[in-house]
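> input16.txt (compact mmCIF, C-alpha atoms) pasted underneath:
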```
# COMPACT_ATOMS: atom_id res chain seq x y z
CA MET A 11 -9.98 -34.58 -14.75
CA ASP A 12 -10.10 -38.34 -15.06
CA ASP A 13 -13.89 -38.17 -15.38
CA ALA A 14 -13.66 -35.62 -18.14
CA PHE A 15 -10.77 -36.99 -20.18
CA GLY A 16 -9.95 -40.40 -18.82
CA PRO A 17 -6.44 -41.48 -17.71
CA LYS A 18 -3.85 -41.15 -20.48
CA LEU A 19 -0.20 -41.99 -19.97
CA ASN A 20 2.99 -41.00 -21.74
CA LYS A 21 5.59 -43.55 -22.82
CA ASP A 22 7.47 -43.05 -19.54
CA GLY A 23 4.33 -43.81 -17.51
CA THR A 24 3.55 -40.22 -16.45
CA GLU A 25 0.06 -38.83 -16.88
CA LYS A 26 -0.47 -37.05 -20.17
CA GLN A 27 -1.90 -33.54 -19.88
CA PRO A 28 -4.64 -32.53 -22.34
CA THR A 29 -3.93 -29.68 -24.72
CA ARG A 30 -5.92 -26.46 -24.78
CA GLU A 31 -7.69 -27.63 -27.92
CA ASN A 32 -8.68 -30.90 -26.21
CA ILE A 33 -10.19 -29.01 -23.29
CA ILE A 34 -12.13 -26.58 -25.50
CA ASP A 35 -13.49 -29.40 -27.67
CA LYS A 36 -14.53 -31.40 -24.63
CA ILE A 37 -16.33 -28.65 -22.67
CA SER A 38 -17.94 -26.96 -25.67
CA GLY A 39 -19.46 -30.31 -26.61
CA MET A 40 -21.27 -30.57 -23.28
CA ARG A 41 -25.05 -30.07 -23.10
CA ASN A 42 -27.23 -27.80 -21.00
CA ASP A 43 -28.05 -30.86 -18.95
CA PRO A 44 -27.50 -31.46 -15.22
CA ARG A 45 -26.12 -34.90 -16.10
CA ASP A 46 -23.02 -33.20 -17.54
CA ARG A 47 -22.36 -31.25 -14.35
CA PRO A 48 -19.77 -33.69 -12.85
CA SER A 49 -17.69 -33.64 -16.03
CA ILE A 50 -17.82 -29.85 -16.33
CA ILE A 51 -16.89 -29.34 -12.68
CA GLY A 52 -13.99 -31.75 -13.14
CA ILE A 53 -12.66 -29.56 -15.95
CA LEU A 54 -13.28 -26.21 -14.23
CA LYS A 55 -11.51 -27.25 -11.04
CA ILE A 56 -8.25 -27.39 -12.97
CA PHE A 57 -8.85 -25.23 -16.04
CA GLY A 58 -10.96 -22.33 -14.79
CA TRP A 59 -10.45 -20.36 -18.00
CA ALA A 60 -12.58 -22.99 -19.79
CA LEU A 61 -15.70 -21.40 -18.24
CA ARG A 62 -15.73 -19.27 -21.38
CA TYR A 63 -16.67 -22.34 -23.45
CA ALA A 64 -19.06 -23.96 -20.95
CA PRO A 65 -22.78 -24.13 -21.75
CA ILE A 66 -24.75 -21.10 -20.54
CA MET A 67 -26.57 -23.16 -17.93
CA PHE A 68 -23.34 -23.72 -15.97
CA ARG A 69 -22.12 -20.15 -16.36
CA CYS A 70 -25.24 -19.15 -14.42
CA GLU A 71 -24.67 -21.63 -11.59
CA ARG A 72 -22.78 -20.24 -8.64
CA ASP A 73 -21.13 -23.54 -7.69
CA CYS A 74 -19.65 -24.10 -11.15
CA VAL A 75 -18.49 -20.50 -11.44
CA GLU A 76 -16.79 -20.55 -8.04
CA PHE A 77 -14.91 -23.72 -8.96
CA ALA A 78 -13.61 -21.93 -12.05
CA LEU A 79 -12.68 -18.76 -10.12
CA LYS A 80 -10.61 -20.67 -7.58
CA SER A 81 -8.24 -21.73 -10.35
CA HIS A 82 -8.57 -18.70 -12.66
CA GLY A 83 -9.90 -15.48 -11.11
CA ARG A 84 -10.33 -13.65 -14.39
CA ALA A 85 -12.91 -16.21 -15.51
CA LEU A 86 -15.33 -13.84 -13.76
CA GLU A 87 -15.59 -12.17 -17.17
CA TYR A 88 -17.60 -15.14 -18.47
CA ALA A 89 -19.93 -15.51 -15.49
CA HIS A 90 -23.56 -14.37 -15.63
CA PRO A 91 -24.02 -10.64 -14.79
CA ASP A 92 -26.01 -11.55 -11.69
CA LEU A 93 -23.01 -13.46 -10.34
CA ARG A 94 -20.67 -10.60 -11.14
CA ASP A 95 -22.81 -8.53 -8.77
CA ASN A 96 -22.62 -11.13 -6.01
CA ASP A 97 -20.32 -10.10 -3.14
CA GLU A 98 -19.14 -13.61 -2.27
CA VAL A 99 -18.47 -14.66 -5.88
CA VAL A 100 -16.46 -11.53 -6.65
CA LYS A 101 -14.55 -11.92 -3.39
CA VAL A 102 -13.47 -15.44 -4.43
CA ALA A 103 -12.29 -14.10 -7.79
CA CYS A 104 -10.31 -11.17 -6.31
CA GLU A 105 -8.67 -13.37 -3.69
CA HIS A 106 -7.22 -15.47 -6.49
CA ASP A 107 -6.45 -12.63 -8.90
CA GLY A 108 -6.87 -8.92 -8.14
CA MET A 109 -7.21 -8.17 -11.84
CA ALA A 110 -10.62 -9.84 -11.79
CA LEU A 111 -11.93 -6.51 -10.43
CA PRO A 112 -12.63 -5.01 -13.91
CA TRP A 113 -15.29 -7.69 -14.46
CA ALA A 114 -17.11 -7.00 -11.19
CA SER A 115 -20.27 -4.91 -11.25
CA GLU A 116 -20.07 -1.14 -10.84
CA ARG A 117 -21.54 -1.45 -7.36
CA LEU A 118 -18.81 -3.83 -6.18
CA ARG A 119 -16.04 -1.77 -7.76
CA GLY A 120 -17.12 0.88 -5.29
CA ASP A 121 -17.09 -1.52 -2.33
CA LYS A 122 -14.08 -0.78 -0.11
CA GLY A 123 -13.76 -4.35 1.20
CA ILE A 124 -13.73 -5.91 -2.28
CA VAL A 125 -11.31 -3.33 -3.68
CA LEU A 126 -8.91 -3.75 -0.75
CA ILE A 127 -8.77 -7.50 -1.43
CA ALA A 128 -8.05 -6.82 -5.10
CA VAL A 129 -5.31 -4.20 -4.63
CA LYS A 130 -3.54 -6.29 -1.98
CA HIS A 131 -3.18 -8.99 -4.62
CA SER A 132 -2.50 -6.66 -7.57
CA GLY A 133 -1.82 -2.95 -7.14
CA ALA A 134 -2.75 -2.27 -10.77
CA ALA A 135 -6.38 -3.14 -9.93
CA LEU A 136 -6.74 0.35 -8.39
CA GLU A 137 -7.32 1.67 -11.91
CA PHE A 138 -10.69 -0.11 -12.00
CA ALA A 139 -11.94 1.04 -8.59
CA SER A 140 -14.54 3.78 -8.31
CA GLN A 141 -13.48 7.44 -8.27
CA LYS A 142 -14.43 7.67 -4.61
CA LEU A 143 -12.06 4.85 -3.62
CA ARG A 144 -9.26 6.25 -5.75
CA ARG A 145 -9.40 9.24 -3.38
CA ASN A 146 -9.33 6.97 -0.32
CA LYS A 147 -5.87 7.11 1.26
CA THR A 148 -6.12 3.66 2.85
CA VAL A 149 -6.99 1.94 -0.43
CA VAL A 150 -4.40 3.84 -2.46
CA LEU A 151 -1.62 3.17 0.07
CA GLU A 152 -2.37 -0.56 0.00
CA ALA A 153 -2.17 -0.54 -3.80
CA ILE A 154 1.10 1.41 -3.80
CA ALA A 155 2.63 -0.96 -1.26
CA LYS A 156 2.04 -3.75 -3.80
CA ASP A 157 2.95 -1.79 -6.94
CA GLY A 158 4.50 1.69 -6.99
CA ALA A 159 3.00 2.37 -10.43
CA ALA A 160 -0.45 2.30 -8.80
CA MET A 161 0.17 5.98 -8.04
CA LEU A 162 -0.83 6.60 -11.67
CA ALA A 163 -4.39 5.56 -10.83
CA ALA A 164 -4.61 7.65 -7.65
CA HIS A 165 -6.77 10.77 -7.69
CA GLN A 166 -4.97 13.95 -8.70
CA SER A 167 -5.60 15.52 -5.30
CA LEU A 168 -3.52 12.77 -3.65
CA LYS A 169 -0.66 13.16 -6.11
CA GLU A 170 -0.43 16.84 -5.09
CA ASP A 171 -0.67 16.13 -1.34
CA LYS A 172 2.88 16.27 0.07
CA GLY A 173 1.99 14.45 3.29
CA PHE A 174 0.33 11.60 1.41
CA VAL A 175 3.20 11.33 -1.08
CA MET A 176 5.68 11.04 1.79
CA ASP A 177 3.61 8.25 3.38
CA ALA A 178 3.40 6.46 0.04
CA ALA A 179 7.15 6.86 -0.59
CA LYS A 180 7.92 5.16 2.74
CA ARG A 181 5.92 2.13 1.58
CA ASN A 182 7.27 1.96 -1.97
CA CYS A 183 9.88 4.42 -3.24
CA ARG A 184 8.98 3.62 -6.87
CA CYS A 185 5.81 5.66 -6.55
CA VAL A 186 7.88 8.87 -6.56
CA ASP A 187 8.30 8.52 -10.33
CA PHE A 188 4.56 9.11 -10.78
CA VAL A 189 3.89 12.17 -8.59
CA GLU A 190 3.94 15.84 -9.56
CA PRO A 191 7.42 17.12 -10.63
CA ALA A 192 7.46 19.70 -7.82
CA LEU A 193 7.13 16.93 -5.22
CA ARG A 194 9.39 14.52 -7.07
CA ASN A 195 12.37 16.78 -6.32
CA ASP A 196 11.29 17.80 -2.84
CA PRO A 197 14.00 17.01 -0.21
CA ASP A 198 11.46 15.76 2.34
CA VAL A 199 9.93 13.38 -0.19
CA MET A 200 13.37 12.12 -1.19
CA ARG A 201 14.24 11.47 2.44
CA ALA A 202 11.03 9.51 2.90
CA ALA A 203 11.59 7.54 -0.31
CA PHE A 204 15.17 6.46 0.32
CA SER A 205 15.32 6.24 4.10
CA LYS A 206 11.93 4.70 4.96
CA GLY A 207 11.55 7.29 7.69
CA LEU A 208 14.95 6.58 9.32
CA THR A 209 18.13 8.11 7.92
CA LEU A 210 19.60 8.74 4.52
CA PRO A 211 22.16 6.26 3.16
CA GLY A 212 25.55 6.83 4.82
CA ILE A 213 24.14 9.10 7.54
CA ARG A 214 24.25 8.12 11.21
CA PRO A 215 21.04 8.82 13.19
CA GLY A 216 21.29 12.25 14.81
CA SER A 217 24.34 13.24 12.79
CA ALA A 218 24.89 15.25 9.62
CA GLN A 219 28.16 13.50 8.73
CA ARG A 220 28.34 11.94 5.27
CA ALA A 221 29.87 8.56 4.50
CA LEU A 222 33.38 9.50 3.33
CA SER A 223 36.63 7.70 2.58
CA PRO A 224 39.35 7.68 5.29
CA ARG A 225 41.31 10.40 3.53
CA SER A 226 38.20 12.54 3.06
CA LEU A 227 37.38 12.19 6.74
CA TYR A 228 40.86 13.49 7.50
CA ASN A 229 40.56 16.50 5.21
CA LEU A 230 37.00 17.47 6.16
CA ARG A 231 35.43 17.39 9.60
CA LEU A 232 31.78 18.40 9.80
CA ALA A 233 30.71 20.60 12.69
CA PRO A 234 28.03 19.05 14.96
CA GLU A 235 25.60 21.85 14.18
CA ALA A 236 25.70 21.19 10.44
CA LYS A 237 22.22 20.92 8.92
CA LEU A 238 21.23 19.27 5.67
CA ASP A 239 20.10 21.82 3.11
CA ARG A 240 19.93 19.75 -0.05
CA VAL A 241 19.54 16.19 -1.26
CA PHE A 242 21.44 14.82 -4.23
CA GLY A 243 20.08 11.91 -6.27
CA GLY A 244 21.98 8.94 -7.62
CA GLY A 245 23.16 7.78 -4.19
CA GLY A 246 25.09 10.99 -3.46
CA GLY A 247 23.30 11.61 -0.18
CA PRO A 248 22.84 15.01 1.45
CA ARG A 249 25.47 17.74 1.40
CA PRO A 250 25.94 20.02 4.45
CA PRO A 251 26.56 23.76 4.08
CA LEU A 252 30.10 24.65 3.07
CA LYS A 253 30.43 27.04 6.01
CA SER A 254 30.15 24.12 8.44
CA MET A 255 33.22 22.38 7.03
CA VAL A 256 36.34 22.79 9.21
CA ARG A 257 39.78 21.67 8.16
CA SER A 258 41.48 19.33 10.58
CA LEU A 259 45.25 18.83 10.71
CA SER A 260 45.49 17.08 14.04
CA SER A 261 46.98 13.94 12.56
CA PRO A 262 48.70 13.04 9.32
CA PRO A 263 46.59 11.56 6.54
CA PRO A 264 46.60 7.81 6.09
CA PRO A 265 49.19 6.63 3.55
CA ILE A 266 48.02 6.06 0.01
CA ARG A 267 49.08 2.79 -1.51
CA ARG A 268 50.22 3.11 -5.08
CA THR A 269 50.55 0.05 -7.26
CA ARG A 270 52.25 -0.09 -10.64
CA ARG A 271 49.91 -1.00 -13.44
CA ARG A 272 50.98 -4.23 -15.08
CA SER A 273 51.22 -4.17 -18.86
CA THR A 274 48.73 -6.41 -20.61
CA THR A 275 50.50 -6.38 -24.01
CA ARG A 276 52.00 -9.72 -24.95
CA THR A 277 55.39 -9.61 -26.68
CA GLY A 278 54.42 -12.35 -29.07
CA SER A 279 51.15 -10.77 -30.17
CA PRO A 280 50.57 -11.03 -33.95
CA PHE A 281 49.21 -7.46 -33.93
CA LEU A 282 52.65 -6.04 -33.08
CA ALA A 283 53.93 -7.19 -36.45
CA LEU A 284 51.31 -5.07 -38.21
CA ALA A 285 52.33 -1.85 -36.42
```
Could you render the structure as structure tokens?


Amino acid sequence: MDDAFGPKLNKDGTEKQPTRENIIDKISGMRNDPRDRPSIIGILKIFGWALRYAPIMFRCERDCVEFALKSHGRALEYAHPDLRDNDEVVKVACEHDGMALPWASERLRGDKGIVLIAVKHSGAALEFASQKLRRNKTVVLEAIAKDGAAMLAAHQSLKEDKGFVMDAAKRNCRCVDFVEPALRNDPDVMRAAFSKGLTLPGIRPGSAQRALSPRSLYNLRLAPEAKLDRVFGGGGGPRPPLKSMVRSLSSPPPPIRRTRRRSTTRTGSPFLALA
């Protein structure tokens, strides 16, 4: 940056950063001349977005474009079309920012390796992958693990696949909001979403007993053979069949502590005089 702008200091002795307008004026004034390459590279190493204003000669050079992509992946939009179809160049862009994928060529948006790199960085990039890869379970699961809303971009056949939805829910429960309504309320899907394949909240492994207060545990004792038949949202957990509930009176209930509510009204309040 010193070569491009020269050292400038603030009053306190710190280095003064150029404004966006300074950068645009500087790089747009460069010539299509190899002698300007060091200055342009010095700018692109720090301000990759400035590739948009670089002379066309440098937007066609792989070295200059890669310097820009390492600091701003979406600068791929301003690279020459031949570079947007180059595997290595697009890989550099997607490693820095997955949302550079929309500017890759159609061929590379159908490349599984490139798309996997993009969705691991940004799940929303799945929207710009080819239709074939949006049906690919491996690619879609990687995108959902990063962003549950990536389920919106998955192929319709996957949204209707109960097994796939359960696998996706274990990775990111937010994806359940974007599946078919019939699966959204399915007990198996809810278990996968909120238990990550283990147990529901408040449920011991291998047991159907709910997490209850001490007094509730005294009043209701669940039989060992109780099976879960329904799942309630909002943190309610599963409810066992009513027939499996057995009243237990083997010991007295724990005492309930009652405390008198203290009045918060002040005797000297000015509002009492208005009553």

> Identify which of the residues A:Ile33, A:Val150, A:Cys70, A:Leu93 lies closest to Phe57 in chain A, counting all atoms listed in the file when measuring atom-to-atom distances.

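Counting all atoms listed in the file, the residue closest to Phe57 in chain A is A:Ile33.
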
> Tell me which protein, DNA and RNA residues are within 12 Å of Ile53 in chain A, counting all atoms listed in the file, leaving out same-chain ones fewer than 3 positions away, and put them as a VMD selection string.

chain A and resid 11 to 16 28 30 32 to 38 40 46 to 50 56 to 61 63 to 64 74 to 75 77 to 78 81

> Taking all atoms of range 128-141 of chain A that the file lists, what box with edges along x, y and z, padded by 8 Å per side, do you get, with centre and edge lengths in Å to one decimal, as lines of an AutoDock Vina configuration file?


```
center_x = -8.2
center_y = -0.8
center_z = -7.0
size_x = 28.7
size_y = 32.4
size_z = 26.0
```

> Which one of A:Arg94, A:Ala179, A:Lys169, A:Gly108 sits closest to Pro191 in chain A if you count only C-alpha atoms?

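Using only C-alpha atoms, Pro191 in chain A sits closest to A:Lys169.
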
> Could you please determine the separation between CA of Gln166 in chain A and CA of Ser132 in chain A in Å, to one decimal place?

20.8 Å

> Which residue is closest to Tyr88 in chain A? Choose from A:Asp121, A:His165, A:Trp113, A:Lys130 and count all atoms listed in the file.

A:Trp113

> Between A:Gly120, A:Leu79, A:Ser115, A:Ile51, which residue has the minimum interatomic distance to Ala103 in chain A, considering all atoms listed in the file?

A:Leu79

> Might you pull out every residue within 12 Å of Asp177 in chain A, with all atoms listed in the file counted and same-chain residues fewer than 3 positions away left off, and present them as a PyMOL selection string?

chain A and resi 147-148+150-152+154-155+168-169+171-174+180-183+185-186+198-203+205-207

> Any idea what the distance is between CA of Ser140 in chain A and CA of Glu116 in chain A?

7.8 Å

> Which one is closest to Cys104 in chain A: A:Lys80, A:Lys55, A:Lys122, A:His90? Count only C-alpha atoms.

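Under the stated criterion, the closest residue is A:Lys80.
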
> With distances taken over all atoms listed in the file, which residue among A:Arg184, A:Gln141, A:Ala110, A:Glu170 lies nearest Lys156 in chain A?

A:Arg184

> Enter the distance from CA of Arg72 in chain A to CA of Val125 in chain A, in Å, rounded to one decimal.

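Computing the Euclidean distance for CA of Arg72 in chain A and CA of Val125 in chain A yields 21.0 Å.
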
> Find the spatial neighbours of Asn42 in chain A, counting all atoms listed in the file, within a cut-off of 8 Å - ignore same-chain residues fewer than 2 positions away - and output them as a ChimeraX atom specification.

/A:40,44,46,65-68

> List as number ranges by chain the protein and nucleic acid residues near Leu118 in chain A, meaning an atom at most 12 Å away when only C-alpha atoms are counted, but skip any in the same chain fewer than 5 places from it.

A: 92-101, 104, 110-113, 123-128, 138-140, 143

> Give me the residues near Leu136 in chain A as a list of chain:residue names, where near means some atom within 7 Å (using only C-alpha atoms) and where sequence neighbours in that chain fewer than 5 positions away do not count.

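Counting only C-alpha atoms, the residues come to A:Val129, A:Arg144, A:Ala153, A:Ala160, A:Ala163.
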